[in-house]
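Asker: Okay, so here is run-v4.txt, and as you'll see once you scroll down, it has compact mmCIF, C-alpha atoms and all ligand atoms.
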# COMPACT_ATOMS: atom_id res chain seq x y z
CA MET W 1 0.00 0.00 0.00
CA LEU W 2 2.71 2.50 1.05
CA ALA W 3 5.06 1.46 -1.73
CA ALA W 4 2.39 2.04 -4.35
CA LYS W 5 1.40 5.36 -2.76
CA LEU W 6 5.01 6.62 -2.84
CA ILE W 7 5.22 5.86 -6.55
CA LEU W 8 1.82 7.39 -7.27
CA GLU W 9 3.01 10.53 -5.47
CA GLN W 10 5.77 10.84 -8.08
CA GLY W 11 3.14 11.07 -10.81
CA ILE W 12 3.54 7.51 -12.08
CA VAL W 13 0.63 5.31 -13.18
CA VAL W 14 0.36 2.24 -10.94
CA GLU W 15 -1.91 -0.81 -11.17
CA GLY W 16 -2.09 -3.51 -8.52
CA LEU W 17 -1.62 -7.26 -8.92
CA ASN W 18 -2.92 -9.75 -6.38
CA PHE W 19 -2.14 -13.43 -6.86
CA PHE W 20 -4.67 -15.98 -5.66
CA THR W 21 -2.71 -19.07 -4.62
CA GLY W 22 -5.53 -20.96 -2.87
CA PHE W 23 -3.77 -20.46 0.48
CA CYS W 24 -4.94 -16.88 0.91
CA VAL W 25 -6.59 -16.35 4.27
CA GLU W 26 -9.00 -13.58 3.53
CA GLY W 27 -12.10 -14.00 1.50
CA HIS W 28 -12.73 -17.66 1.95
CA THR W 29 -12.70 -18.37 5.64
CA HIS W 30 -14.20 -15.02 6.48
CA ALA W 31 -17.00 -15.67 4.07
CA ILE W 32 -17.69 -19.25 5.09
CA ARG W 33 -18.18 -18.75 8.78
CA ARG W 34 -21.42 -17.08 9.74
CA GLN W 35 -20.05 -16.72 13.24
CA ARG W 36 -18.00 -13.88 11.86
CA ALA W 37 -20.96 -12.37 10.09
CA GLY W 38 -20.52 -9.12 12.01
CA ARG W 39 -17.12 -8.59 10.46
CA LEU W 40 -16.79 -6.91 7.14
CA LYS W 41 -16.02 -9.61 4.57
CA ARG W 42 -13.81 -7.46 2.48
CA ASN W 43 -10.93 -8.40 0.28
CA ASN W 44 -7.97 -6.41 1.62
CA ALA W 45 -6.24 -6.01 -1.73
CA LEU W 46 -9.41 -4.54 -3.25
CA TRP W 47 -9.83 -2.28 -0.27
CA VAL W 48 -6.25 -0.99 -0.70
CA ALA W 49 -6.82 -0.42 -4.42
CA GLU W 50 -9.88 1.66 -3.61
CA GLN W 51 -7.98 3.72 -1.04
CA LEU W 52 -5.27 4.40 -3.61
CA GLY W 53 -7.67 4.91 -6.51
CA ILE W 54 -5.90 2.32 -8.70
CA LYS W 55 -7.02 -0.72 -10.67
CA LEU W 56 -6.42 -4.12 -9.13
CA HIS W 57 -6.03 -7.34 -11.08
CA ILE W 58 -6.65 -10.55 -9.12
CA ILE W 59 -4.87 -13.39 -10.87
CA ASP W 60 -5.58 -17.09 -10.39
CA VAL W 61 -2.22 -18.90 -9.99
CA VAL W 62 -3.50 -21.97 -8.13
CA GLU W 63 -2.15 -24.56 -10.59
CA GLU W 64 1.23 -22.97 -11.24
CA TYR W 65 1.76 -22.27 -7.56
CA LYS W 66 1.79 -25.98 -6.74
CA THR W 67 5.41 -26.33 -7.84
CA VAL W 68 6.34 -23.52 -5.44
CA VAL W 69 4.67 -25.20 -2.46
CA LEU W 70 5.70 -28.74 -3.30
CA ASN W 71 9.32 -28.20 -4.34
CA PRO W 72 10.69 -24.90 -3.07
CA LYS W 73 14.28 -24.50 -4.20
CA HIS W 74 15.05 -22.30 -1.20
CA GLY W 75 13.12 -24.37 1.34
CA TYR W 76 10.44 -23.47 3.83
CA GLY W 77 10.15 -20.92 6.63
CA ALA W 78 8.86 -21.85 10.08
CA HIS W 79 6.01 -23.92 8.61
CA LEU W 80 5.28 -24.85 5.00
CA ASN W 81 5.72 -21.27 3.79
CA PRO W 82 8.15 -21.17 0.87
CA CYS W 83 8.45 -17.38 1.13
CA LEU W 84 11.56 -16.83 -0.96
CA ASP W 85 10.41 -19.07 -3.83
CA CYS W 86 6.96 -17.53 -3.53
CA LYS W 87 8.33 -14.01 -3.98
CA VAL W 88 10.45 -15.10 -6.94
CA PHE W 89 7.34 -16.70 -8.47
CA MET W 90 5.13 -13.66 -7.92
CA VAL W 91 7.67 -11.14 -9.18
CA LYS W 92 8.20 -13.32 -12.26
CA LYS W 93 4.44 -13.37 -12.87
CA ALA W 94 4.38 -9.60 -12.35
CA LYS W 95 7.21 -9.18 -14.85
CA ASN W 96 5.29 -11.14 -17.48
CA TRP W 97 2.18 -9.07 -16.78
CA MET W 98 4.23 -5.85 -16.96
CA GLU W 99 5.57 -6.80 -20.39
CA GLN W 100 2.18 -7.84 -21.73
CA HIS W 101 0.48 -4.65 -20.55
CA GLY W 102 3.08 -2.04 -21.45
CA PHE W 103 4.30 -1.14 -17.97
CA ASP W 104 7.94 -0.31 -17.21
CA PHE W 105 8.82 -1.55 -13.76
CA ILE W 106 7.56 -3.47 -10.72
CA VAL W 107 7.11 -2.14 -7.21
CA THR W 108 6.88 -4.30 -4.09
CA GLY W 109 6.46 -3.35 -0.45
CA GLU W 110 9.39 -5.27 0.95
CA VAL W 111 11.67 -3.75 3.59
CA VAL W 112 15.25 -4.92 4.11
CA GLY W 113 15.51 -6.94 7.30
CA GLN W 114 11.78 -7.06 7.98
CA ARG W 115 11.32 -10.82 7.68
CA PRO W 116 13.81 -13.49 8.70
CA MET W 117 13.80 -15.46 5.47
CA SER W 118 12.69 -13.55 2.42
CA GLN W 119 13.55 -9.96 3.27
CA ARG W 120 17.16 -10.21 4.33
CA LYS W 121 19.64 -8.02 2.48
CA GLU W 122 21.24 -11.13 0.97
CA THR W 123 17.96 -12.58 -0.27
CA MET W 124 16.52 -9.47 -1.90
CA PRO W 125 18.83 -9.66 -4.94
CA ILE W 126 17.83 -13.33 -5.33
CA VAL W 127 14.22 -12.32 -5.96
CA ALA W 128 15.30 -9.70 -8.53
CA LYS W 129 17.66 -12.10 -10.29
CA GLU W 130 15.69 -15.36 -10.28
CA SER W 131 12.46 -13.67 -11.31
CA GLY W 132 14.22 -12.06 -14.27
CA ALA W 133 12.95 -8.64 -13.17
CA ASP W 134 16.52 -7.55 -12.34
CA ASP W 135 16.80 -3.77 -12.16
CA ARG W 136 13.14 -3.27 -13.05
CA LEU W 137 12.21 -4.33 -9.51
CA LEU W 138 12.02 -1.34 -7.18
CA ARG W 139 11.37 -1.54 -3.44
CA PRO W 140 10.45 2.06 -2.68
CA LEU W 141 10.29 1.60 1.09
CA CYS W 142 13.96 0.68 1.38
CA ALA W 143 15.45 1.70 -1.98
CA GLU W 144 18.35 3.61 -0.42
CA HIS W 145 19.72 0.39 1.10
CA LEU W 146 19.82 -1.32 -2.29
CA PRO W 147 21.62 -0.68 -5.61
CA LYS W 148 19.93 1.86 -7.89
CA THR W 149 17.29 0.38 -10.16
CA LEU W 150 16.46 1.31 -13.74
CA PRO W 151 13.56 3.66 -12.85
CA GLU W 152 15.87 5.54 -10.48
CA ARG W 153 18.77 5.75 -12.95
CA GLU W 154 16.44 6.91 -15.72
CA GLY W 155 15.01 9.61 -13.44
CA TRP W 156 11.46 8.24 -13.56
CA VAL W 157 11.60 7.85 -9.79
CA ASP W 158 13.38 10.30 -7.49
CA ARG W 159 15.12 8.18 -4.87
CA SER W 160 15.65 11.17 -2.58
CA LYS W 161 11.90 11.32 -2.01
CA LEU W 162 11.71 7.72 -0.84
CA PRO W 163 12.13 6.69 2.81
CA GLY W 164 14.99 4.38 3.74
CA PHE W 165 13.22 1.92 5.99
CA SER W 166 15.01 -1.12 7.33
CA GLY W 167 14.60 -3.66 10.11
CA ARG W 168 11.61 -5.17 11.81
CA GLY W 169 10.10 -2.07 13.43
CA ARG W 170 6.93 -0.87 11.75
CA LYS W 171 6.57 2.43 13.56
CA PRO W 172 8.05 4.60 10.77
CA GLN W 173 5.76 2.89 8.28
CA ILE W 174 2.72 3.54 10.42
CA GLU W 175 3.78 7.19 10.73
CA LEU W 176 4.16 7.44 6.96
CA ALA W 177 0.71 5.86 6.52
CA HIS W 178 -0.76 8.49 8.85
CA SER W 179 1.02 11.26 6.96
CA PHE W 180 -0.79 10.06 3.83
CA GLY W 181 -4.06 10.18 5.73
CA PHE W 182 -4.59 6.41 5.84
CA LYS W 183 -6.59 5.71 8.98
CA GLU W 184 -6.36 1.97 8.54
CA TYR W 185 -3.10 0.55 7.37
CA SER W 186 -3.14 -2.88 5.75
CA GLN W 187 0.28 -4.49 5.89
CA PRO W 188 0.48 -8.24 5.51
CA ALA W 189 2.82 -9.98 7.93
CA GLY W 190 2.31 -13.55 6.80
CA GLY W 191 -1.13 -13.43 8.41
CA CYS W 192 -2.70 -13.44 4.96
CA CYS W 193 -1.30 -16.86 4.06
CA PHE W 194 -2.32 -20.22 5.52
CA LEU W 195 1.12 -21.65 4.78
CA THR W 196 2.45 -19.74 7.80
CA ASN W 197 -0.23 -21.22 10.04
CA GLU W 198 0.86 -24.19 12.16
CA HIS W 199 -2.63 -25.72 12.51
CA TYR W 200 -3.25 -25.47 8.80
CA THR W 201 0.08 -26.92 7.75
CA THR W 202 -0.33 -29.83 10.20
CA LYS W 203 -3.52 -30.68 8.28
CA LEU W 204 -1.74 -30.29 4.96
CA LEU W 205 1.01 -32.70 6.09
CA ASP W 206 -1.64 -35.16 7.29
CA LEU W 207 -3.30 -34.93 3.87
CA TRP W 208 -0.01 -35.70 2.11
CA ASN W 209 0.81 -38.57 4.49
CA HIS W 210 -2.53 -40.26 3.90
CA LYS W 211 -2.56 -39.60 0.18
CA GLY W 212 0.85 -41.21 0.00
CA LYS W 213 2.16 -38.29 -2.06
CA ARG W 214 2.79 -34.59 -1.78
CA ASP W 215 0.12 -33.15 -4.02
CA TYR W 216 -3.19 -31.30 -3.74
CA GLU W 217 -6.19 -30.00 -5.63
CA LEU W 218 -7.87 -26.68 -4.91
CA ASP W 219 -10.74 -28.46 -3.13
CA ASP W 220 -8.29 -30.24 -0.82
CA ILE W 221 -6.72 -27.02 0.38
CA MET W 222 -10.08 -25.26 0.67
CA LEU W 223 -11.44 -28.04 2.87
CA LEU W 224 -8.44 -27.76 5.18
CA LYS W 225 -9.66 -24.26 6.05
CA VAL W 226 -13.08 -25.42 7.18
CA GLY W 227 -14.45 -27.38 10.12
CA ARG W 228 -13.02 -29.67 12.78
CA HIS W 229 -10.70 -32.29 11.31
CA LEU W 230 -10.63 -35.62 13.14
CA ARG W 231 -8.97 -38.84 12.09
CA PRO W 232 -10.62 -41.57 14.22
CA ARG W 233 -8.92 -44.34 12.21
CA PRO W 234 -5.86 -44.19 9.97
CA HIS W 235 -7.98 -44.88 6.87
CA PHE W 236 -10.57 -42.15 7.29
CA LYS W 237 -10.82 -38.54 8.33
CA MET W 238 -13.92 -36.54 9.22
CA ILE W 239 -14.47 -32.87 8.49
CA ILE W 240 -17.20 -31.64 10.80
CA GLY W 241 -18.93 -28.28 10.33
CA ARG W 242 -18.72 -26.01 13.36
CA GLU W 243 -21.60 -23.77 12.48
CA GLU W 244 -24.20 -23.05 9.84
CA GLY W 245 -21.91 -21.33 7.34
CA GLU W 246 -19.45 -24.21 7.43
CA ASN W 247 -22.26 -26.79 7.22
CA ASN W 248 -23.58 -25.07 4.08
CA PHE W 249 -20.12 -25.02 2.55
CA LEU W 250 -19.50 -28.71 3.33
CA GLN W 251 -22.88 -29.68 1.85
CA GLY W 252 -21.53 -28.47 -1.49
CA TYR W 253 -19.24 -31.55 -1.39
CA ARG W 254 -22.00 -34.11 -0.72
CA ASP W 255 -21.59 -35.67 -4.18
CA ARG W 256 -17.89 -36.25 -3.63
CA PHE W 257 -17.72 -37.60 -0.07
CA THR W 258 -19.50 -40.02 2.20
CA HIS W 259 -21.33 -37.71 4.59
CA CYS W 260 -23.27 -37.77 7.86
CA TYR W 261 -25.74 -35.48 9.58
CA PRO W 262 -28.17 -35.87 12.47
CA LEU W 263 -31.86 -36.23 11.60
CA SER W 264 -33.45 -36.12 15.04
CA HIS W 265 -31.63 -33.02 16.32
CA LYS W 266 -29.79 -29.98 15.05
CA GLY W 267 -26.15 -30.66 14.41
CA PRO W 268 -23.21 -30.63 12.07
CA PHE W 269 -22.82 -31.72 8.49
CA ALA W 270 -19.76 -33.98 8.33
CA LEU W 271 -17.73 -35.27 5.40
CA VAL W 272 -15.88 -38.57 5.61
CA ALA W 273 -12.68 -38.72 3.59
CA GLY W 274 -11.61 -42.33 2.98
CA GLU W 275 -13.25 -45.73 2.67
CA ILE W 276 -15.29 -46.78 5.67
CA SER W 277 -16.54 -50.20 6.78
CA GLU W 278 -19.88 -50.94 8.50
CA GLU W 279 -18.12 -50.76 11.86
CA ASP W 280 -16.66 -47.37 10.93
CA VAL W 281 -20.13 -46.11 9.96
CA ALA W 282 -21.31 -46.48 13.57
CA LEU W 283 -18.20 -44.67 14.77
CA ALA W 284 -18.64 -41.82 12.26
CA ALA W 285 -22.30 -41.50 13.26
CA GLY W 286 -21.34 -41.43 16.94
CA VAL W 287 -18.77 -38.70 16.30
CA THR W 288 -21.32 -36.66 14.34
CA ALA W 289 -23.83 -37.03 17.17
CA ARG W 290 -21.16 -35.93 19.64
CA TYR W 291 -21.03 -32.51 17.97
CA SER W 292 -24.81 -32.18 17.66
CA ASP W 293 -27.14 -30.32 20.01
CA ALA W 294 -27.99 -33.71 21.53
CA LYS W 295 -24.51 -34.69 22.71
CA ALA W 296 -25.83 -35.42 26.21
CA GLU W 297 -28.74 -37.58 24.99
CA GLU W 298 -28.79 -41.37 24.77
CA ARG W 299 -30.25 -41.65 21.28
CA VAL W 300 -29.57 -39.56 18.19
CA GLU W 301 -30.70 -40.52 14.72
CA VAL W 302 -27.90 -39.96 12.22
CA HIS W 303 -28.09 -40.29 8.45
CA VAL W 304 -25.05 -41.65 6.61
CA ALA W 305 -24.90 -41.47 2.81
CA HIS W 306 -22.18 -43.29 0.89
CA LEU W 307 -20.63 -42.33 -2.41
CA ASP W 308 -22.02 -45.41 -4.16
CA GLY W 309 -25.58 -44.26 -3.44
CA ARG W 310 -26.21 -46.43 -0.37
CA SER W 311 -27.62 -44.53 2.56
CA ALA W 312 -29.16 -45.40 5.90
CA SER W 313 -30.25 -43.80 9.12
CA SER W 314 -29.46 -45.31 12.48
CA VAL W 315 -29.92 -44.42 16.10
CA VAL W 316 -26.62 -44.05 17.94
CA LYS W 317 -25.36 -42.89 21.30
CA PRO W 318 -23.15 -39.81 20.95
CA LEU W 319 -19.53 -40.46 21.81
CA LEU W 320 -18.48 -39.20 25.22
CA PRO W 321 -15.83 -36.48 25.43
CA GLU W 322 -13.29 -39.05 26.64
CA ASP W 323 -14.06 -41.29 23.64
CA ILE W 324 -12.67 -38.61 21.31
CA LEU W 325 -8.98 -39.20 21.70
CA PRO W 326 -6.65 -36.20 21.50
CA SER W 327 -4.67 -38.08 18.84
CA TRP W 328 -7.73 -37.96 16.55
CA TYR W 329 -7.50 -34.20 16.16
CA VAL W 330 -5.58 -33.30 13.04
CA MET T 1 -24.94 -9.11 -25.44
CA LYS T 2 -25.83 -10.83 -22.19
CA LYS T 3 -23.56 -13.38 -20.52
CA ASN T 4 -24.07 -15.55 -17.45
CA ILE T 5 -21.62 -16.76 -14.82
CA ASP T 6 -22.52 -19.57 -12.46
CA ALA T 7 -20.23 -18.97 -9.48
CA ARG T 8 -22.41 -20.76 -6.94
CA HIS T 9 -19.69 -23.25 -6.04
CA LEU T 10 -16.92 -20.64 -5.79
CA LEU T 11 -15.63 -18.74 -2.81
CA CYS T 12 -14.12 -15.27 -2.94
CA PRO T 13 -12.03 -14.12 -4.68
CA LEU T 14 -12.75 -16.72 -7.39
CA PRO T 15 -16.10 -15.13 -8.41
CA VAL T 16 -14.19 -11.86 -8.98
CA ILE T 17 -11.58 -13.69 -11.05
CA ARG T 18 -14.29 -15.35 -13.19
CA LEU T 19 -16.01 -11.99 -13.67
CA ALA T 20 -12.74 -10.36 -14.79
CA GLU T 21 -12.09 -13.23 -17.22
CA THR T 22 -15.59 -12.92 -18.69
CA ILE T 23 -15.37 -9.13 -18.98
CA SER T 24 -12.11 -9.49 -20.91
CA THR T 25 -14.18 -11.16 -23.66
CA CYS T 26 -17.00 -8.54 -23.57
CA GLN T 27 -17.80 -5.30 -25.35
CA PRO T 28 -18.80 -2.06 -23.58
CA LYS T 29 -22.49 -2.12 -22.56
CA ASP T 30 -22.61 -5.93 -22.47
CA GLU T 31 -24.46 -7.25 -19.45
CA ILE T 32 -23.31 -10.06 -17.17
CA GLU T 33 -25.50 -11.87 -14.69
CA MET T 34 -23.73 -13.79 -11.92
CA LEU T 35 -25.14 -16.37 -9.55
CA CYS T 36 -23.17 -16.71 -6.31
CA ASN T 37 -23.52 -18.30 -2.88
CA ASP T 38 -20.58 -16.77 -1.04
CA PRO T 39 -21.75 -13.65 0.82
CA GLY T 40 -18.24 -12.25 0.33
CA VAL T 41 -19.27 -11.29 -3.22
CA LEU T 42 -21.55 -8.60 -1.81
CA GLN T 43 -18.38 -6.67 -0.93
CA ASP T 44 -15.91 -7.92 -3.49
CA ILE T 45 -17.86 -7.66 -6.75
CA PRO T 46 -19.00 -4.05 -6.19
CA ALA T 47 -15.48 -3.07 -5.01
CA TRP T 48 -13.85 -4.68 -8.05
CA CYS T 49 -16.40 -3.04 -10.37
CA ARG T 50 -15.77 0.37 -8.77
CA VAL T 51 -12.00 0.19 -9.35
CA HIS T 52 -12.47 -0.96 -12.95
CA GLY T 53 -15.32 1.40 -13.80
CA HIS T 54 -18.03 -1.23 -14.43
CA ARG T 55 -21.51 -0.67 -13.07
CA ILE T 56 -23.63 -2.92 -10.87
CA THR T 57 -27.21 -2.55 -12.03
CA ALA T 58 -28.88 -5.04 -9.67
CA ILE T 59 -28.16 -7.17 -6.63
CA GLU T 60 -30.76 -9.63 -5.35
CA GLN T 61 -29.91 -11.70 -2.33
CA ASN T 62 -33.23 -13.14 -1.24
CA PRO T 63 -33.70 -15.97 -1.84
CA LEU T 64 -30.27 -17.49 -2.45
CA PRO T 65 -28.39 -17.65 -4.75
CA ILE T 66 -27.18 -14.06 -4.80
CA ARG T 67 -27.82 -12.59 -8.26
CA ILE T 68 -25.60 -9.71 -9.40
CA THR T 69 -25.98 -7.90 -12.70
CA VAL T 70 -22.98 -5.99 -14.09
CA LEU T 71 -22.97 -3.52 -16.98
CA VAL T 72 -19.57 -3.59 -18.70
CA ALA T 73 -17.85 -0.20 -19.10
S1 LIG U 401 3.64 -15.71 3.64
FE1 LIG U 401 3.59 -14.47 1.74
S2 LIG U 401 5.62 -14.78 0.81
FE2 LIG U 401 5.34 -16.43 2.33
S3 LIG U 401 4.49 -18.15 1.17
FE3 LIG U 401 2.75 -17.01 1.99
S4 LIG U 401 2.17 -15.54 0.37
FE4 LIG U 401 4.21 -16.30 -0.11
Just give me the structure of the file as structure tokens.

Answerer:
Amino acid sequence: MLAAKLILEQGIVVEGLNFFTGFCVEGHTHAIRRQRAGRLKRNNALWVAEQLGIKLHIIDVVEEYKTVVLNPKHGYGAHLNPCLDCKVFMVKKAKNWMEQHGFDFIVTGEVVGQRPMSQRKETMPIVAKESGADDRLLRPLCAEHLPKTLPEREGWVDRSKLPGFSGRGRKPQIELAHSFGFKEYSQPAGGCCFLTNEHYTTKLLDLWNHKGKRDYELDDIMLLKVGRHLRPRPHFKMIIGREEGENNFLQGYRDRFTHCYPLSHKGPFALVAGEISEEDVALAAGVTARYSDAKAEERVEVHVAHLDGRSASSVVKPLLPEDILPSWYV
Amino acid sequence: MKKNIDARHLLCPLPVIRLAETISTCQPKDEIEMLCNDPGVLQDIPAWCRVHGHRITAIEQNPLPIRITVLVA
């Protein structure tokens, strides 16, 4: 936001690019859960574009991004976040877009030393070099700590009017934001990406382990964002809606998964990922009943529908809290 | 010309991405009608249209699905 504003202030036309990887936090989860209905379900990138008065292009990179997540040349950060490869990938995509649309250089909001992995002084040239953007990649927030780029050498951008931020502190950036009159200041700190989230990446690793290979489809990674994930047996996992919005979302997958829901009481919609035997059906029904409004009752009628078209309702006793083993939680 | 987008199975920002893709094949004054289930579109589609200069001519949300009509700039 600030980087783009600094360049706009120098009379240069700027348009925004936002890459949708499938791991983006905002949008999806905020929209799914009704519990958060009071919160504004806005897309932050669009909100920033409106504040700046620029166009924003949201680009679907889900398929291409898989290679970044699955085989990052520079490895992962604290979780499964391949930040350095991710930045190289995005700047490369931005470079292609720039060339196709007649723009001259790329601006990013990185600050030297702000992040442990991808924004160290040594790693910043890697992004410029491996993306092919080279000296057409300008980081206006910390330009003075880096070699001059083409837009600065050509006089398109006056480096003396750019701040020389460095390090982890964000106070000077917040002050600059205020000086521009921004009351709210949107600055991602990894919080916009599920790959930095320990709970999420634990579920992603579980998915890979049980698939027997490191791979995913968009639906797989969407479902990891929703519901309670329990693996009562090694061969099947349950995804259990926690509230109405999640139940509605999970129902959209009823043609692709065995699923369970209580008939006699209000309760969750649950997907079952994996093959289940007759014995497992009773267990899955008992788990579903456990998270229904009737968890303290003796008898709950639960409907179980299989992928092959078989379906049946049965009366089960909800599992007790101690029956749900901590090891089941993914 | 009138075009339709069925985005009922998509969560934000995918409906916005599909709208942008469809608009790239449209002429000015074409009309696009979208069907969506994700309430996030009530924010995202109007915001995206504002920054790109397209006009929302109707939004109906009751009953579901949400129905949004866009006039291409
Ligand atoms: S935190 Fe940001 S840079 Fe790191 S992997 Fe996620 S989107 Fe990419």

Asker: All residues within 6 Å of ligand LIG 401 (chain U) are required, counting only C-alpha atoms and all ligand atoms; please report them as a list in words.

Answerer: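 Based on only C-alpha atoms and all ligand atoms, ligand LIG 401 (chain U) is surrounded within 6 Å by Asn81, Pro82, Cys83, Cys86, Lys87, Gly190, Cys193, Leu195 and Thr196 of chain W.
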
Asker: As a VMD selection string, could you give me every residue of chain T near chain W (at most 9 Å apart, counting all atoms listed in the file)?

Answerer: chain T and resid 9 11 to 14 16 to 17 20 38 to 44 47 to 48 50 to 52

Asker: Take the selection from the previous step and output its residues with C-alpha atoms, as a tab-separated table (two decimals), in the coordinates of the input.

Answerer:
chain	number	residue	atom	x	y	z
T	9	HIS	CA	-19.69	-23.25	-6.04
T	11	LEU	CA	-15.63	-18.74	-2.81
T	12	CYS	CA	-14.12	-15.27	-2.94
T	13	PRO	CA	-12.03	-14.12	-4.68
T	14	LEU	CA	-12.75	-16.72	-7.39
T	16	VAL	CA	-14.19	-11.86	-8.98
T	17	ILE	CA	-11.58	-13.69	-11.05
T	20	ALA	CA	-12.74	-10.36	-14.79
T	38	ASP	CA	-20.58	-16.77	-1.04
T	39	PRO	CA	-21.75	-13.65	0.82
T	40	GLY	CA	-18.24	-12.25	0.33
T	41	VAL	CA	-19.27	-11.29	-3.22
T	42	LEU	CA	-21.55	-8.60	-1.81
T	43	GLN	CA	-18.38	-6.67	-0.93
T	44	ASP	CA	-15.91	-7.92	-3.49
T	47	ALA	CA	-15.48	-3.07	-5.01
T	48	TRP	CA	-13.85	-4.68	-8.05
T	50	ARG	CA	-15.77	0.37	-8.77
T	51	VAL	CA	-12.00	0.19	-9.35
T	52	HIS	CA	-12.47	-0.96	-12.95

Asker: Kindly give the distance, in Å, that separates atom CA of Thr67 of chain W and atom CA of Lys93 of chain W, rounded to a single decimal.

Answerer: 13.9 Å

Asker: Name all residues at most 6 Å from segment 283-286 of chain W (count only C-alpha atoms; drop same-chain ones fewer than 4 positions away) and give them as a list in words.

Answerer: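 The filter keeps Val302, Val316, Pro318 and Leu319 of chain W.
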
Asker: In terms of the shortest atom-to-atom distance over only C-alpha atoms, which of T:Cys36, T:Pro46, T:Asp30, T:Ala58 is closest to Ala73 of chain T?

Answerer: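 That would be T:Asp30, the residue with the smallest distance to Ala73 of chain T.
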
Asker: To one decimal place in Å, what is the distance between atom CA of Lys148 of chain W and atom CA of Met90 of chain W?

Answerer: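 Pair atom CA of Lys148 of chain W / atom CA of Met90 of chain W returns 21.4 Å.
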
Asker: Neighbours of segment 137-145 of chain W within 7 Å (only C-alpha atoms; same-chain residues fewer than 5 positions away dropped), as an NGL selection string?

Answerer: :W and (3 or 105-112 or 128 or 162-166)

Asker: Which polymer residues, protein or nucleic acid, are no farther than 8 Å from (-20.5, -2.6, -13.0), counting all atoms listed in the file, as a short mmCIF file (atom, residue, chain, number, x, y, z; two decimals) with C-alpha atoms, in the coordinates of the input?

Answerer:
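The result, stored in out-v5.cif:
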data_model
loop_
_atom_site.label_atom_id
_atom_site.label_comp_id
_atom_site.auth_asym_id
_atom_site.auth_seq_id
_atom_site.Cartn_x
_atom_site.Cartn_y
_atom_site.Cartn_z
CA PRO T 46 -19.00 -4.05 -6.19
CA CYS T 49 -16.40 -3.04 -10.37
CA ARG T 50 -15.77 0.37 -8.77
CA GLY T 53 -15.32 1.40 -13.80
CA HIS T 54 -18.03 -1.23 -14.43
CA ARG T 55 -21.51 -0.67 -13.07
CA ILE T 56 -23.63 -2.92 -10.87
CA THR T 57 -27.21 -2.55 -12.03
CA THR T 69 -25.98 -7.90 -12.70
CA VAL T 70 -22.98 -5.99 -14.09
CA LEU T 71 -22.97 -3.52 -16.98
CA VAL T 72 -19.57 -3.59 -18.70
CA ALA T 73 -17.85 -0.20 -19.10
#

Asker: If you measure from atom CA of Glu301 of chain W to atom CA of Pro234 of chain W, what distance in Å do you get, rounded to one decimal?

Answerer: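 Calculated distance between atom CA of Glu301 of chain W and atom CA of Pro234 of chain W is 25.6 Å.
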
Asker: Starting from 6 Å padding per side, set up an axis-aligned box that covers all listed atoms of segment 44-52 of chain T and hand over centre and edge lengths in Å, one decimal, as lines of an AutoDock Vina configuration file.

Answerer:
center_x = -15.5
center_y = -3.8
center_z = -8.2
size_x = 19.0
size_y = 20.3
size_z = 21.5

Asker: My list of candidates is W:Asp104, W:Gln173, W:Asn209, W:Phe19. Which is closest to Leu150 of chain W when distances are computed with only C-alpha atoms?

Answerer: W:Asp104
